[in-house]
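Engineer: Provided herewith is a single structure, encoded as structure tokens, for subsequent inquiry.
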Amino acid sequence: MYSERIAGVRSSAIRDILKLTTRPGMISFAGGLPAPELFPMEEIARAAQNVFSKYGPSSLQYSITEGIKPLREKIAKKVYDGQGIGVENIIITQGSQQGLDLISKLLIDKGAVVLTENPSYLGALQSFRLFQADIVSIPSDEKGIQVKKLREALNSVKPAFIYLMPNFQNPTGVTLSMERRTELIELMRDRDVLIVEDDPYGELIFEGKSLPTLFSLARGKDIVYVSSFSKTIVPGFRVAYIAADAEIAGKLALVKQGTDLHTNTLGQHVVNEYLESGNHRKHLDMVRQTYKTRRDLMLSAMEKHFPKSARWNKPAGGMFIWATLADDGTDSKDILLRCIEKDVAFVPGREFFPDGSGGNTMRLNFSNAAPDDIEKGIKRIGEVLAGMGSEKRE
Ligand code: PMP
């Protein structure tokens, strides 16, 4: 009855377990949600009012597949304020998740190789699997994907594209170093492989200098850039975008037409009006500051409560801390089960590894946790880890 394509998509036991994390009293570091108390509610309400008075019923009418022009103009300037990038390069999508779906539809034939980082974003892996891609993952370290390993892999495979998150990667929070960015672009040009750059977190930077996107480094050539307003304004509008050369953008528009005709008109108008209001910079600064404080709270709680054998990073932005536990056979899925009994949750890392490794890793979200809960929740995880460690020693 079902298509071959859906048969290849595994349901995840972890997802079922994580459904329990919505029960009252649970402290969840599992999701990837922005903090709702920071949503710019008044500004959005004002923007919506303005949209209704300016555009009337046309703000609720069908609109063009590529997206409304004033918003595409703003995005074109934002992604690359240089020659050669304009509205014809921008498609507004229903979340960047739809961007990934459209790219998959356009570029993946059954059995085509898609290269990813190891680990990588679950939603992207799911989309590639739905189109029956053969996912080949390339090792990453604290500087991002290992270009040397990528070069070796390219000797034996010819991928449809490589999928990367250069800024504050999901799940690891790692940023691709400047040196590797330039090496990577050169290598992919040389091997004639398209790069799909997913960048929902780039603007959530807490310290240091933003590195240029691959898209801007390559002046928009041979890179399909995907980003979103989900993490910087609100996710509920589902307004996001793809930037690509005009030919690819045109093909993506064809695919989108057959998918949903266009992204919701009102959401696009409200986002556009909100961006025009001039409040966005201030809002972003406040979000960055709040997330930085939460990251620091989580890091100091981990310092206090996690075992000495555990290691973790200090991401310079984004929403996640990535922890690696002692490689002694402990599976973070078992840790999660015990944590849930104590009303605290995280995502076991193995989920994110296309090659099935990473059993001793965990992803901890800090953006959507109340400051009081961060200390409490990390302490509970620390107690579970200490308990399991002492069981091992017995
Ligand atoms: N890409 C990455 C790396 C993500 O983490 C997410 C959301 N968690 C998305 C894409 C999808 O976001 P949205 O559809 O809300 O734009």
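Please note that chains go A, B, ... in the order of the structure tokens, that every chain numbers its residues from 1, and that ligands are numbered from 1 in the order shown.
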So that I can see what lies close to stretch 67-75 of chain A, please list as an NGL selection string the residues with an atom at most 8 Å from it, counting only C-alpha atoms and leaving out residues fewer than 2 positions away in the same chain.
Structural biologist: :A and (63-65 or 77-79 or 86-87 or 90-93 or 241 or 262-263 or 265 or 268-269 or 271-272)
Engineer: With stretch 129-146 of chain A as the partner and 12 Å as the cut-off, tabulate the residues of stretch 334-354 of chain A that qualify, each row holding the nearest pair of atoms and their distance in Å to one decimal, using only C-alpha atoms, sorted by chain and rising number, as JSON lines.
Structural biologist:
```
{"residue": "A:Phe352", "atom": "CA", "partner": "A:Ser137", "partner_atom": "CA", "distance": 10.6}
{"residue": "A:Phe353", "atom": "CA", "partner": "A:Ser137", "partner_atom": "CA", "distance": 8.0}
{"residue": "A:Pro354", "atom": "CA", "partner": "A:Ser137", "partner_atom": "CA", "distance": 6.3}
```
Engineer: Selection from above, C-alpha atoms, as a PDB file, in the first residue's frame, can you write it?
Structural biologist:
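The result, stored in result33.pdb:
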```pdb
ATOM      1  CA  PHE A 352      22.264  12.532  14.603  1.00  0.00           C
ATOM      2  CA  PHE A 353      24.971  10.218  13.269  1.00  0.00           C
ATOM      3  CA  PRO A 354      24.116   8.780   9.848  1.00  0.00           C
TER       4      PRO A 354
END
```
Engineer: Given only C-alpha atoms as the basis, pick out the residue of A:Gln126, A:Glu197, A:Cys339, A:Lys333 nearest to A:Arg10.
Structural biologist: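 Nearest candidate to A:Arg10 out of A:Gln126, A:Glu197, A:Cys339, A:Lys333: A:Gln126.
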Engineer: Around ligand 1, out to 6 Å and counting only C-alpha atoms and all ligand atoms, which residues are there? I want them as number ranges by chain.
Structural biologist: A: 32, 95-97, 121, 170, 198, 200, 228, 230, 235, 240
Engineer: Please produce a file of those selected residues containing C-alpha atoms, as an mmCIF file, in the first residue's frame.
Structural biologist:
```cif
data_model
loop_
_atom_site.group_PDB
_atom_site.id
_atom_site.type_symbol
_atom_site.label_atom_id
_atom_site.label_comp_id
_atom_site.auth_asym_id
_atom_site.auth_seq_id
_atom_site.Cartn_x
_atom_site.Cartn_y
_atom_site.Cartn_z
ATOM 1 C CA GLY A 32 15.280 22.943 19.557
ATOM 2 C CA GLY A 95 10.220 27.071 6.850
ATOM 3 C CA SER A 96 13.723 26.103 5.828
ATOM 4 C CA GLN A 97 12.561 22.534 6.336
ATOM 5 C CA TYR A 121 20.623 17.716 11.409
ATOM 6 C CA ASN A 170 22.838 21.371 14.905
ATOM 7 C CA ASP A 198 21.928 25.543 5.895
ATOM 8 C CA PRO A 200 19.421 29.087 10.601
ATOM 9 C CA SER A 228 14.998 31.114 8.082
ATOM 10 C CA SER A 230 12.293 30.910 12.697
ATOM 11 C CA PRO A 235 8.988 29.954 13.873
ATOM 12 C CA ALA A 240 12.201 31.086 5.442
#
```
Engineer: Which residues, written as a list in words, have at least one atom at most 9 Å from A:Ile85, with only C-alpha atoms counted and residues fewer than 3 positions away on the same chain left out?
Structural biologist: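 Listing them by chain and then by number gives Ala76, Lys77, Val79, Tyr80, Asp81, Gly82, Glu88, Asn89, Ile90, Arg219, Gly220, Ala243, Ala244, Asp245 and Ala246 of chain A.
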Engineer: Go ahead and write the residues just picked, N, CA, C and O atoms, as a tab-separated table (two decimals), in the first residue's frame.
Structural biologist:
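Heads up, here's the output in part_24.tsv:
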```
chain	number	residue	atom	x	y	z
A	76	ALA	N	17.62	39.30	-0.41
A	76	ALA	CA	18.74	39.34	-1.38
A	76	ALA	C	19.87	40.21	-0.84
A	76	ALA	O	21.04	39.84	-0.90
A	77	LYS	N	19.51	41.35	-0.27
A	77	LYS	CA	20.53	42.26	0.30
A	77	LYS	C	21.22	41.63	1.49
A	77	LYS	O	22.42	41.81	1.71
A	79	VAL	N	21.59	38.31	2.24
A	79	VAL	CA	22.44	37.14	2.01
A	79	VAL	C	23.72	37.48	1.26
A	79	VAL	O	24.76	36.87	1.48
A	80	TYR	N	23.66	38.47	0.37
A	80	TYR	CA	24.89	38.87	-0.31
A	80	TYR	C	24.66	40.24	-0.93
A	80	TYR	O	24.01	40.36	-1.97
A	81	ASP	N	25.22	41.24	-0.26
A	81	ASP	CA	24.98	42.59	-0.73
A	81	ASP	C	26.02	42.95	-1.78
A	81	ASP	O	26.85	43.83	-1.60
A	82	GLY	N	26.01	42.21	-2.85
A	82	GLY	CA	26.98	42.48	-3.91
A	82	GLY	C	26.32	42.27	-5.26
A	82	GLY	O	25.14	41.93	-5.33
A	88	GLU	N	15.55	37.61	-8.23
A	88	GLU	CA	15.44	36.38	-9.04
A	88	GLU	C	16.21	35.21	-8.42
A	88	GLU	O	16.07	34.07	-8.83
A	89	ASN	N	17.03	35.50	-7.43
A	89	ASN	CA	17.81	34.44	-6.77
A	89	ASN	C	17.15	33.94	-5.48
A	89	ASN	O	17.70	33.06	-4.82
A	90	ILE	N	16.02	34.52	-5.11
A	90	ILE	CA	15.43	34.21	-3.81
A	90	ILE	C	14.06	33.55	-3.94
A	90	ILE	O	13.20	34.04	-4.69
A	219	ARG	N	30.30	34.13	-3.78
A	219	ARG	CA	29.48	35.10	-4.52
A	219	ARG	C	28.27	34.44	-5.17
A	219	ARG	O	27.93	34.70	-6.34
A	220	GLY	N	27.67	33.54	-4.38
A	220	GLY	CA	26.43	32.94	-4.84
A	220	GLY	C	26.57	31.85	-5.89
A	220	GLY	O	25.58	31.35	-6.41
A	243	ALA	N	18.46	30.94	-1.24
A	243	ALA	CA	19.14	31.79	-2.22
A	243	ALA	C	19.98	30.86	-3.11
A	243	ALA	O	20.67	29.98	-2.60
A	244	ALA	N	19.87	31.07	-4.40
A	244	ALA	CA	20.61	30.19	-5.34
A	244	ALA	C	20.76	30.92	-6.66
A	244	ALA	O	20.11	31.96	-6.88
A	245	ASP	N	21.60	30.36	-7.55
A	245	ASP	CA	21.70	31.06	-8.84
A	245	ASP	C	20.35	30.99	-9.55
A	245	ASP	O	19.50	30.16	-9.22
A	246	ALA	N	20.15	31.92	-10.49
A	246	ALA	CA	18.80	32.12	-11.03
A	246	ALA	C	18.24	30.84	-11.66
A	246	ALA	O	17.05	30.57	-11.57
```
Engineer: Rounded to one decimal, what separation in Å do you get between atom CA of A:Trp312 and atom CA of A:Thr172?
Structural biologist: 9.5 Å
Engineer: Calculated over only C-alpha atoms, which of the candidates A:Trp322, A:Phe366, A:Phe229, A:Phe306 has the smallest distance to A:Gly202?
Structural biologist: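 Of A:Trp322, A:Phe366, A:Phe229, A:Phe306, the one nearest A:Gly202 is A:Phe229, counting only C-alpha atoms.
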Engineer: Quick one: everything within 12 Å of stretch 148-158 of chain A, counting only C-alpha atoms, minus sequence neighbours fewer than 4 positions away in the same chain. Send it as a PyMOL selection string.
Structural biologist: chain A and resi 111-118+134-141+144+162+180+183-194
Engineer: Keeping only N, CA and C atoms, write the selected residues to a file as an mmCIF file, in the first residue's frame.
Structural biologist:
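Here's the written file again_27.cif:
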```cif
data_model
loop_
_atom_site.group_PDB
_atom_site.id
_atom_site.type_symbol
_atom_site.label_atom_id
_atom_site.label_comp_id
_atom_site.auth_asym_id
_atom_site.auth_seq_id
_atom_site.Cartn_x
_atom_site.Cartn_y
_atom_site.Cartn_z
ATOM 1 N N GLY A 111 18.919 6.452 -4.700
ATOM 2 C CA GLY A 111 20.278 5.904 -4.630
ATOM 3 C C GLY A 111 21.389 6.930 -4.797
ATOM 4 N N ALA A 112 21.014 8.183 -5.066
ATOM 5 C CA ALA A 112 22.057 9.222 -5.225
ATOM 6 C C ALA A 112 22.771 9.437 -3.891
ATOM 7 N N VAL A 113 24.056 9.715 -3.972
ATOM 8 C CA VAL A 113 24.827 9.952 -2.748
ATOM 9 C C VAL A 113 24.660 11.407 -2.298
ATOM 10 N N VAL A 114 24.341 11.578 -1.019
ATOM 11 C CA VAL A 114 24.352 12.912 -0.416
ATOM 12 C C VAL A 114 25.387 12.878 0.700
ATOM 13 N N LEU A 115 26.306 13.825 0.664
ATOM 14 C CA LEU A 115 27.320 13.892 1.717
ATOM 15 C C LEU A 115 26.825 14.792 2.838
ATOM 16 N N THR A 116 27.103 14.371 4.077
ATOM 17 C CA THR A 116 26.739 15.206 5.224
ATOM 18 C C THR A 116 27.886 15.193 6.223
ATOM 19 N N GLU A 117 27.782 16.114 7.190
ATOM 20 C CA GLU A 117 28.686 16.037 8.330
ATOM 21 C C GLU A 117 28.240 14.853 9.187
ATOM 22 N N ASN A 118 29.113 14.393 10.028
ATOM 23 C CA ASN A 118 28.793 13.307 10.968
ATOM 24 C C ASN A 118 29.129 13.823 12.368
ATOM 25 N N ASP A 134 21.451 7.906 -0.649
ATOM 26 C CA ASP A 134 22.431 7.103 0.069
ATOM 27 C C ASP A 134 23.305 8.117 0.823
ATOM 28 N N ILE A 135 23.109 8.201 2.135
ATOM 29 C CA ILE A 135 23.819 9.246 2.895
ATOM 30 C C ILE A 135 25.211 8.759 3.279
ATOM 31 N N VAL A 136 26.200 9.524 2.878
ATOM 32 C CA VAL A 136 27.584 9.210 3.244
ATOM 33 C C VAL A 136 28.067 10.341 4.143
ATOM 34 N N SER A 137 28.451 9.991 5.388
ATOM 35 C CA SER A 137 28.797 11.055 6.327
ATOM 36 C C SER A 137 30.308 11.179 6.471
ATOM 37 N N ILE A 138 30.746 12.409 6.604
ATOM 38 C CA ILE A 138 32.178 12.739 6.673
ATOM 39 C C ILE A 138 32.490 13.208 8.097
ATOM 40 N N PRO A 139 33.560 12.694 8.709
ATOM 41 C CA PRO A 139 33.857 13.078 10.093
ATOM 42 C C PRO A 139 34.037 14.593 10.271
ATOM 43 N N SER A 140 33.613 15.061 11.434
ATOM 44 C CA SER A 140 33.779 16.475 11.789
ATOM 45 C C SER A 140 34.548 16.548 13.095
ATOM 46 N N ASP A 141 35.185 17.673 13.346
ATOM 47 C CA ASP A 141 35.833 17.885 14.638
ATOM 48 C C ASP A 141 35.489 19.280 15.140
ATOM 49 N N GLY A 144 34.750 21.862 12.516
ATOM 50 C CA GLY A 144 33.757 21.558 11.484
ATOM 51 C C GLY A 144 34.163 20.352 10.655
ATOM 52 N N ILE A 162 26.607 18.252 -1.247
ATOM 53 C CA ILE A 162 27.020 18.098 0.142
ATOM 54 C C ILE A 162 26.168 19.052 0.974
ATOM 55 N N ARG A 180 38.946 26.355 6.677
ATOM 56 C CA ARG A 180 38.224 25.243 6.038
ATOM 57 C C ARG A 180 37.143 25.736 5.088
ATOM 58 N N GLU A 183 38.961 26.366 1.862
ATOM 59 C CA GLU A 183 39.416 25.075 1.296
ATOM 60 C C GLU A 183 38.253 24.291 0.704
ATOM 61 N N LEU A 184 37.162 24.306 1.454
ATOM 62 C CA LEU A 184 35.981 23.550 1.047
ATOM 63 C C LEU A 184 35.404 24.056 -0.273
ATOM 64 N N ILE A 185 35.293 25.381 -0.380
ATOM 65 C CA ILE A 185 34.734 25.953 -1.608
ATOM 66 C C ILE A 185 35.626 25.580 -2.799
ATOM 67 N N GLU A 186 36.928 25.691 -2.595
ATOM 68 C CA GLU A 186 37.864 25.357 -3.679
ATOM 69 C C GLU A 186 37.729 23.893 -4.095
ATOM 70 N N LEU A 187 37.703 23.027 -3.070
ATOM 71 C CA LEU A 187 37.606 21.596 -3.340
ATOM 72 C C LEU A 187 36.316 21.263 -4.102
ATOM 73 N N MET A 188 35.189 21.819 -3.644
ATOM 74 C CA MET A 188 33.924 21.476 -4.276
ATOM 75 C C MET A 188 33.837 22.023 -5.695
ATOM 76 N N ARG A 189 34.461 23.197 -5.898
ATOM 77 C CA ARG A 189 34.523 23.755 -7.261
ATOM 78 C C ARG A 189 35.314 22.839 -8.162
ATOM 79 N N ASP A 190 36.445 22.427 -7.621
ATOM 80 C CA ASP A 190 37.347 21.562 -8.362
ATOM 81 C C ASP A 190 36.655 20.252 -8.748
ATOM 82 N N ARG A 191 35.862 19.701 -7.817
ATOM 83 C CA ARG A 191 35.188 18.415 -8.095
ATOM 84 C C ARG A 191 33.785 18.596 -8.663
ATOM 85 N N ASP A 192 33.389 19.838 -8.873
ATOM 86 C CA ASP A 192 32.093 20.132 -9.466
ATOM 87 C C ASP A 192 30.928 19.562 -8.643
ATOM 88 N N VAL A 193 30.977 19.822 -7.339
ATOM 89 C CA VAL A 193 29.904 19.339 -6.457
ATOM 90 C C VAL A 193 29.209 20.548 -5.833
ATOM 91 N N LEU A 194 27.896 20.531 -5.891
ATOM 92 C CA LEU A 194 27.083 21.615 -5.337
ATOM 93 C C LEU A 194 27.096 21.559 -3.808
#
```
Engineer: Looking only at the backbone, which of the residues in stretch 65-240 of chain A does DSSP tag as strand (DSSP E), as an MDAnalysis selection string?
Structural biologist: chainID A and resid 90:94 113:118 134:141 144:145 161:164 195:198 223:228 239:240
Engineer: Please produce a file of those selected residues containing N, CA and C atoms, as a short mmCIF file (atom, residue, chain, number, x, y, z; two decimals), in the first residue's frame.
Structural biologist:
```
data_model
loop_
_atom_site.label_atom_id
_atom_site.label_comp_id
_atom_site.auth_asym_id
_atom_site.auth_seq_id
_atom_site.Cartn_x
_atom_site.Cartn_y
_atom_site.Cartn_z
N ILE A 90 16.02 34.52 -5.11
CA ILE A 90 15.43 34.21 -3.81
C ILE A 90 14.06 33.55 -3.94
N ILE A 91 13.88 32.46 -3.22
CA ILE A 91 12.56 31.81 -3.12
C ILE A 91 12.19 31.78 -1.63
N ILE A 92 11.02 32.27 -1.32
CA ILE A 92 10.55 32.18 0.08
C ILE A 92 9.93 30.79 0.28
N THR A 93 10.29 30.16 1.36
CA THR A 93 9.78 28.81 1.60
C THR A 93 9.03 28.73 2.93
N GLN A 94 8.26 27.68 3.05
CA GLN A 94 7.46 27.42 4.25
C GLN A 94 8.40 26.76 5.29
N VAL A 113 24.06 9.72 -3.97
CA VAL A 113 24.83 9.95 -2.75
C VAL A 113 24.66 11.41 -2.30
N VAL A 114 24.34 11.58 -1.02
CA VAL A 114 24.35 12.91 -0.42
C VAL A 114 25.39 12.88 0.70
N LEU A 115 26.31 13.82 0.66
CA LEU A 115 27.32 13.89 1.72
C LEU A 115 26.83 14.79 2.84
N THR A 116 27.10 14.37 4.08
CA THR A 116 26.74 15.21 5.22
C THR A 116 27.89 15.19 6.22
N GLU A 117 27.78 16.11 7.19
CA GLU A 117 28.69 16.04 8.33
C GLU A 117 28.24 14.85 9.19
N ASN A 118 29.11 14.39 10.03
CA ASN A 118 28.79 13.31 10.97
C ASN A 118 29.13 13.82 12.37
N ASP A 134 21.45 7.91 -0.65
CA ASP A 134 22.43 7.10 0.07
C ASP A 134 23.31 8.12 0.82
N ILE A 135 23.11 8.20 2.14
CA ILE A 135 23.82 9.25 2.89
C ILE A 135 25.21 8.76 3.28
N VAL A 136 26.20 9.52 2.88
CA VAL A 136 27.58 9.21 3.24
C VAL A 136 28.07 10.34 4.14
N SER A 137 28.45 9.99 5.39
CA SER A 137 28.80 11.05 6.33
C SER A 137 30.31 11.18 6.47
N ILE A 138 30.75 12.41 6.60
CA ILE A 138 32.18 12.74 6.67
C ILE A 138 32.49 13.21 8.10
N PRO A 139 33.56 12.69 8.71
CA PRO A 139 33.86 13.08 10.09
C PRO A 139 34.04 14.59 10.27
N SER A 140 33.61 15.06 11.43
CA SER A 140 33.78 16.48 11.79
C SER A 140 34.55 16.55 13.10
N ASP A 141 35.19 17.67 13.35
CA ASP A 141 35.83 17.88 14.64
C ASP A 141 35.49 19.28 15.14
N GLY A 144 34.75 21.86 12.52
CA GLY A 144 33.76 21.56 11.48
C GLY A 144 34.16 20.35 10.66
N ILE A 145 33.57 20.23 9.47
CA ILE A 145 33.82 19.06 8.64
C ILE A 145 35.32 18.97 8.29
N PHE A 161 25.06 16.33 -3.92
CA PHE A 161 25.47 17.57 -3.26
C PHE A 161 26.03 17.23 -1.89
N ILE A 162 26.61 18.25 -1.25
CA ILE A 162 27.02 18.10 0.14
C ILE A 162 26.17 19.05 0.97
N TYR A 163 25.69 18.57 2.11
CA TYR A 163 24.84 19.37 3.00
C TYR A 163 25.64 19.75 4.24
N LEU A 164 25.71 21.06 4.51
CA LEU A 164 26.54 21.55 5.63
C LEU A 164 25.85 22.65 6.42
N ILE A 195 27.14 22.74 -3.18
CA ILE A 195 27.06 22.81 -1.71
C ILE A 195 25.67 23.30 -1.32
N VAL A 196 25.03 22.60 -0.38
CA VAL A 196 23.80 23.11 0.22
C VAL A 196 24.18 23.59 1.62
N GLU A 197 24.08 24.90 1.81
CA GLU A 197 24.49 25.53 3.07
C GLU A 197 23.23 25.88 3.87
N ASP A 198 23.11 25.30 5.05
CA ASP A 198 21.93 25.54 5.90
C ASP A 198 22.38 26.42 7.07
N ILE A 223 26.39 27.33 -4.83
CA ILE A 223 25.95 27.11 -3.46
C ILE A 223 24.45 27.38 -3.41
N VAL A 224 23.72 26.48 -2.79
CA VAL A 224 22.32 26.75 -2.50
C VAL A 224 22.26 27.06 -1.02
N TYR A 225 21.83 28.27 -0.69
CA TYR A 225 21.85 28.74 0.70
C TYR A 225 20.43 28.71 1.25
N VAL A 226 20.29 28.12 2.44
CA VAL A 226 18.97 27.98 3.05
C VAL A 226 19.02 28.67 4.42
N SER A 227 18.05 29.54 4.68
CA SER A 227 17.99 30.11 6.03
C SER A 227 16.54 30.45 6.37
N SER A 228 16.35 31.07 7.53
CA SER A 228 15.00 31.11 8.08
C SER A 228 14.84 32.27 9.06
N VAL A 239 8.19 31.23 7.80
CA VAL A 239 8.74 32.02 6.69
C VAL A 239 10.26 31.88 6.69
N ALA A 240 10.77 31.36 5.58
CA ALA A 240 12.20 31.09 5.44
C ALA A 240 12.57 31.31 3.98
#
```
Engineer: Which one of A:Ser3, A:Asn365, A:Asn50, A:Thr175 sits closest to A:Lys209 if you count only C-alpha atoms?
Structural biologist: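 Closest residue, counting only C-alpha atoms: A:Thr175.
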Engineer: I need the residues of stretch 107-325 of chain A that end up classed as helix (DSSP H, G or I) by DSSP on the backbone, written out as a PyMOL selection string.
Structural biologist: chain A and resi 107+122-130+147-153+178-191+214-217+246-260+265-276+280-305
Engineer: By how many Å are atom CA of A:Ala30 and atom CA of A:Ala345 apart?
Structural biologist: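 These atoms are spaced 5.7 Å apart.
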